[in-house]
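The file work_27.cif contains mmCIF, N, CA and C atoms:
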data_my_file
loop_
_atom_site.label_atom_id
_atom_site.label_comp_id
_atom_site.auth_asym_id
_atom_site.auth_seq_id
_atom_site.Cartn_x
_atom_site.Cartn_y
_atom_site.Cartn_z
N MET A 1 8.23 -8.22 10.52
CA MET A 1 8.31 -8.69 11.88
C MET A 1 9.78 -8.72 12.28
N VAL A 2 10.05 -8.28 13.48
CA VAL A 2 11.41 -8.26 14.01
C VAL A 2 11.43 -9.09 15.28
N ILE A 3 12.42 -9.97 15.40
CA ILE A 3 12.60 -10.77 16.61
C ILE A 3 13.83 -10.23 17.33
N LEU A 4 13.67 -9.91 18.59
CA LEU A 4 14.79 -9.42 19.39
C LEU A 4 15.16 -10.46 20.43
N GLN A 5 16.44 -10.66 20.65
CA GLN A 5 16.87 -11.53 21.73
C GLN A 5 17.17 -10.65 22.93
N MET A 6 16.76 -11.09 24.06
CA MET A 6 16.87 -10.32 25.28
C MET A 6 18.03 -10.84 26.14
N GLY A 7 19.15 -10.18 26.12
CA GLY A 7 20.29 -10.54 26.97
C GLY A 7 20.81 -11.93 26.71
N ASP A 8 21.25 -12.59 27.78
CA ASP A 8 21.82 -13.92 27.67
C ASP A 8 20.77 -15.02 27.66
N SER A 9 19.55 -14.69 28.03
CA SER A 9 18.51 -15.72 28.10
C SER A 9 18.02 -16.07 26.69
N ASP A 10 17.26 -17.14 26.60
CA ASP A 10 16.70 -17.56 25.32
C ASP A 10 15.35 -16.90 25.04
N MET A 11 14.95 -15.95 25.87
CA MET A 11 13.66 -15.28 25.68
C MET A 11 13.73 -14.40 24.43
N THR A 12 12.69 -14.44 23.65
CA THR A 12 12.59 -13.57 22.48
C THR A 12 11.30 -12.77 22.58
N SER A 13 11.31 -11.63 21.97
CA SER A 13 10.14 -10.77 21.97
C SER A 13 9.86 -10.36 20.53
N GLU A 14 8.64 -10.52 20.10
CA GLU A 14 8.25 -10.16 18.75
C GLU A 14 7.70 -8.74 18.75
N ILE A 15 8.20 -7.92 17.86
CA ILE A 15 7.69 -6.56 17.72
C ILE A 15 6.71 -6.56 16.55
N ARG A 16 5.47 -6.23 16.83
CA ARG A 16 4.43 -6.18 15.81
C ARG A 16 4.09 -4.73 15.52
N PRO A 17 3.78 -4.44 14.26
CA PRO A 17 3.42 -3.05 13.93
C PRO A 17 2.13 -2.64 14.64
N ARG A 18 2.09 -1.41 15.09
CA ARG A 18 0.89 -0.88 15.73
C ARG A 18 -0.09 -0.37 14.68
N TRP A 19 0.43 -0.02 13.50
CA TRP A 19 -0.41 0.36 12.38
C TRP A 19 0.32 0.04 11.10
N TYR A 20 -0.45 0.04 10.00
CA TYR A 20 0.09 -0.35 8.71
C TYR A 20 0.07 0.81 7.74
N THR A 21 0.97 0.76 6.77
CA THR A 21 0.89 1.67 5.63
C THR A 21 -0.17 1.10 4.69
N VAL A 22 -0.60 1.92 3.74
CA VAL A 22 -1.58 1.46 2.76
C VAL A 22 -0.99 0.30 1.94
N ALA A 23 0.29 0.38 1.62
CA ALA A 23 0.94 -0.70 0.87
C ALA A 23 0.94 -2.01 1.67
N GLU A 24 1.16 -1.93 2.98
CA GLU A 24 1.13 -3.12 3.82
C GLU A 24 -0.28 -3.71 3.87
N VAL A 25 -1.29 -2.85 3.94
CA VAL A 25 -2.68 -3.32 3.94
C VAL A 25 -2.99 -4.03 2.63
N ALA A 26 -2.54 -3.46 1.52
CA ALA A 26 -2.75 -4.10 0.21
C ALA A 26 -2.14 -5.50 0.21
N GLN A 27 -0.96 -5.61 0.74
CA GLN A 27 -0.28 -6.91 0.79
C GLN A 27 -1.03 -7.89 1.69
N LEU A 28 -1.49 -7.41 2.84
CA LEU A 28 -2.24 -8.26 3.76
C LEU A 28 -3.52 -8.80 3.13
N LEU A 29 -4.20 -7.93 2.38
CA LEU A 29 -5.48 -8.32 1.78
C LEU A 29 -5.32 -9.04 0.45
N GLY A 30 -4.13 -8.97 -0.13
CA GLY A 30 -3.93 -9.57 -1.45
C GLY A 30 -4.53 -8.72 -2.55
N TYR A 31 -4.66 -7.41 -2.29
CA TYR A 31 -5.21 -6.46 -3.26
C TYR A 31 -4.07 -5.68 -3.89
N GLY A 32 -4.36 -5.05 -5.01
CA GLY A 32 -3.41 -4.13 -5.61
C GLY A 32 -3.37 -2.84 -4.82
N LEU A 33 -2.29 -2.09 -5.00
CA LEU A 33 -2.13 -0.83 -4.27
C LEU A 33 -3.20 0.17 -4.66
N SER A 34 -3.53 0.28 -5.97
CA SER A 34 -4.53 1.28 -6.36
C SER A 34 -5.91 0.95 -5.82
N LYS A 35 -6.28 -0.34 -5.78
CA LYS A 35 -7.57 -0.71 -5.21
C LYS A 35 -7.60 -0.36 -3.72
N THR A 36 -6.51 -0.66 -3.03
CA THR A 36 -6.45 -0.38 -1.59
C THR A 36 -6.50 1.12 -1.33
N LYS A 37 -5.79 1.91 -2.13
CA LYS A 37 -5.85 3.37 -1.98
C LYS A 37 -7.27 3.87 -2.20
N MET A 38 -7.99 3.30 -3.17
CA MET A 38 -9.38 3.70 -3.41
C MET A 38 -10.26 3.36 -2.20
N LEU A 39 -10.05 2.17 -1.63
CA LEU A 39 -10.84 1.77 -0.45
C LEU A 39 -10.56 2.69 0.73
N VAL A 40 -9.32 3.11 0.89
CA VAL A 40 -8.96 4.04 1.97
C VAL A 40 -9.56 5.41 1.69
N ALA A 41 -9.43 5.89 0.46
CA ALA A 41 -9.94 7.23 0.10
C ALA A 41 -11.46 7.30 0.25
N SER A 42 -12.15 6.20 -0.05
CA SER A 42 -13.62 6.19 0.05
C SER A 42 -14.10 5.99 1.48
N GLY A 43 -13.19 5.60 2.37
CA GLY A 43 -13.57 5.36 3.76
C GLY A 43 -14.00 3.93 4.03
N ALA A 44 -13.96 3.07 3.01
CA ALA A 44 -14.31 1.66 3.22
C ALA A 44 -13.33 1.01 4.18
N ILE A 45 -12.08 1.43 4.10
CA ILE A 45 -11.07 1.03 5.09
C ILE A 45 -10.70 2.30 5.85
N ARG A 46 -10.96 2.30 7.13
CA ARG A 46 -10.69 3.47 7.96
C ARG A 46 -9.19 3.73 8.04
N SER A 47 -8.81 5.01 8.12
CA SER A 47 -7.40 5.37 8.22
C SER A 47 -7.26 6.72 8.91
N VAL A 48 -6.03 7.04 9.29
CA VAL A 48 -5.71 8.36 9.83
C VAL A 48 -4.53 8.90 9.03
N LYS A 49 -4.47 10.20 8.94
CA LYS A 49 -3.36 10.84 8.25
C LYS A 49 -2.26 11.12 9.27
N ASP A 50 -1.07 10.69 8.96
CA ASP A 50 0.10 10.91 9.81
C ASP A 50 1.14 11.61 8.95
N GLY A 51 1.22 12.92 9.11
CA GLY A 51 2.08 13.70 8.22
C GLY A 51 1.50 13.64 6.82
N GLY A 52 2.28 13.19 5.85
CA GLY A 52 1.79 13.09 4.49
C GLY A 52 1.33 11.70 4.12
N ASN A 53 1.24 10.80 5.10
CA ASN A 53 0.90 9.40 4.82
C ASN A 53 -0.35 8.97 5.55
N ARG A 54 -1.00 7.96 5.02
CA ARG A 54 -2.16 7.34 5.66
C ARG A 54 -1.69 6.11 6.42
N ARG A 55 -2.28 5.88 7.57
CA ARG A 55 -1.98 4.71 8.39
C ARG A 55 -3.29 4.03 8.77
N VAL A 56 -3.22 2.71 8.89
CA VAL A 56 -4.41 1.90 9.17
C VAL A 56 -4.11 1.00 10.35
N LEU A 57 -4.95 1.05 11.37
CA LEU A 57 -4.80 0.17 12.52
C LEU A 57 -5.18 -1.27 12.14
N PRO A 58 -4.52 -2.26 12.71
CA PRO A 58 -4.85 -3.65 12.38
C PRO A 58 -6.33 -3.98 12.58
N GLU A 59 -6.94 -3.43 13.63
CA GLU A 59 -8.36 -3.73 13.87
C GLU A 59 -9.26 -3.14 12.79
N TRP A 60 -8.82 -2.06 12.12
CA TRP A 60 -9.61 -1.50 11.02
C TRP A 60 -9.57 -2.40 9.80
N VAL A 61 -8.46 -3.10 9.60
CA VAL A 61 -8.38 -4.09 8.53
C VAL A 61 -9.35 -5.23 8.86
N ASP A 62 -9.34 -5.67 10.12
CA ASP A 62 -10.26 -6.73 10.55
C ASP A 62 -11.71 -6.32 10.38
N ASP A 63 -12.03 -5.05 10.69
CA ASP A 63 -13.40 -4.53 10.53
C ASP A 63 -13.83 -4.59 9.07
N TYR A 64 -12.94 -4.19 8.18
CA TYR A 64 -13.24 -4.22 6.74
C TYR A 64 -13.52 -5.66 6.30
N ILE A 65 -12.68 -6.59 6.71
CA ILE A 65 -12.87 -8.00 6.34
C ILE A 65 -14.21 -8.51 6.87
N ALA A 66 -14.51 -8.19 8.12
CA ALA A 66 -15.78 -8.65 8.73
C ALA A 66 -16.98 -8.10 7.97
N ARG A 67 -16.91 -6.83 7.56
CA ARG A 67 -18.01 -6.24 6.79
C ARG A 67 -18.17 -6.93 5.44
N ARG A 68 -17.07 -7.23 4.78
CA ARG A 68 -17.13 -7.91 3.47
C ARG A 68 -17.74 -9.30 3.62
N VAL A 69 -17.34 -10.01 4.68
CA VAL A 69 -17.90 -11.35 4.91
C VAL A 69 -19.39 -11.27 5.20
N GLU A 70 -19.78 -10.28 6.02
CA GLU A 70 -21.19 -10.09 6.35
C GLU A 70 -22.01 -9.77 5.11
N GLU A 71 -21.47 -8.92 4.23
CA GLU A 71 -22.18 -8.56 2.99
C GLU A 71 -22.35 -9.77 2.07
N ALA A 72 -21.39 -10.67 2.10
CA ALA A 72 -21.42 -11.83 1.21
C ALA A 72 -22.37 -12.91 1.73
N ALA A 73 -22.69 -12.85 3.01
CA ALA A 73 -23.56 -13.89 3.61
C ALA A 73 -25.02 -13.71 3.24
#

Could you show the structure in this file as structure tokens?
Amino acid sequence: MVILQMGDSDMTSEIRPRWYTVAEVAQLLGYGLSKTKMLVASGAIRSVKDGGNRRVLPEWVDDYIARRVEEAA
């Protein structure tokens, strides 16, 4: 997270990532990197390929969590 100060005022603006790397998703979920890579490769966590890397939208992480909670209920 980056906080920017805007000019002379006390206003601040938070810049939030628009998508995550697989490593960031692993950290968010508290999973290991290899488990997270497996979940991405299997399609359990949706992703898009950007160049040579996979990226995951924040709402796709939320969707995965919601599905896991639903399955556990």

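Of all the residues in chain A, the ones DSSP labels as strand (DSSP E or B) from the backbone are A:Val2, A:Ile3, A:Leu4, A:Gln5, A:Thr12, A:Ser13, A:Glu14, A:Ile15, A:Tyr20, A:Thr21, A:Val48, A:Lys49, A:Asp50, A:Asn53, A:Arg54, A:Arg55, A:Val56.
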
Practice prompt. Excluding range 56-59 of chain A and any residue of its chain fewer than 2 positions from it, enumerate the residues within 8 Å of it, using only N, CA and C atoms, and give them as JSON, numbers by chain.
Written response: {"A": [17, 18, 19, 20, 21, 22, 25, 45, 46, 47, 48, 49, 53, 54, 61, 62, 63, 64, 65]}

Response to the item:
As a check of understanding: the span from atom C of Lys35 in chain A to CA of Arg16 in chain A is 23.7 Å

Worksheet item: Taking into account only C-alpha atoms, which residue in the set A:Leu39, A:Gly30, A:Ile15, A:Glu24 is nearest to Arg55 in chain A?
Response: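 Between A:Leu39, A:Gly30, A:Ile15, A:Glu24, the residue approaching Arg55 in chain A most closely is A:Glu24.
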
Item to complete: Tell me, in Å to one decimal, how far CA of Gly32 in chain A is from CA of Arg67 in chain A.
Response: 19.3 Å

Worksheet item: Hey, can you check how far atom C of Ala23 in chain A sits from atom C of Ala72 in chain A?
Response: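 Taking atom C of Ala23 in chain A as the start and atom C of Ala72 in chain A as the end point, the length is 25.7 Å.
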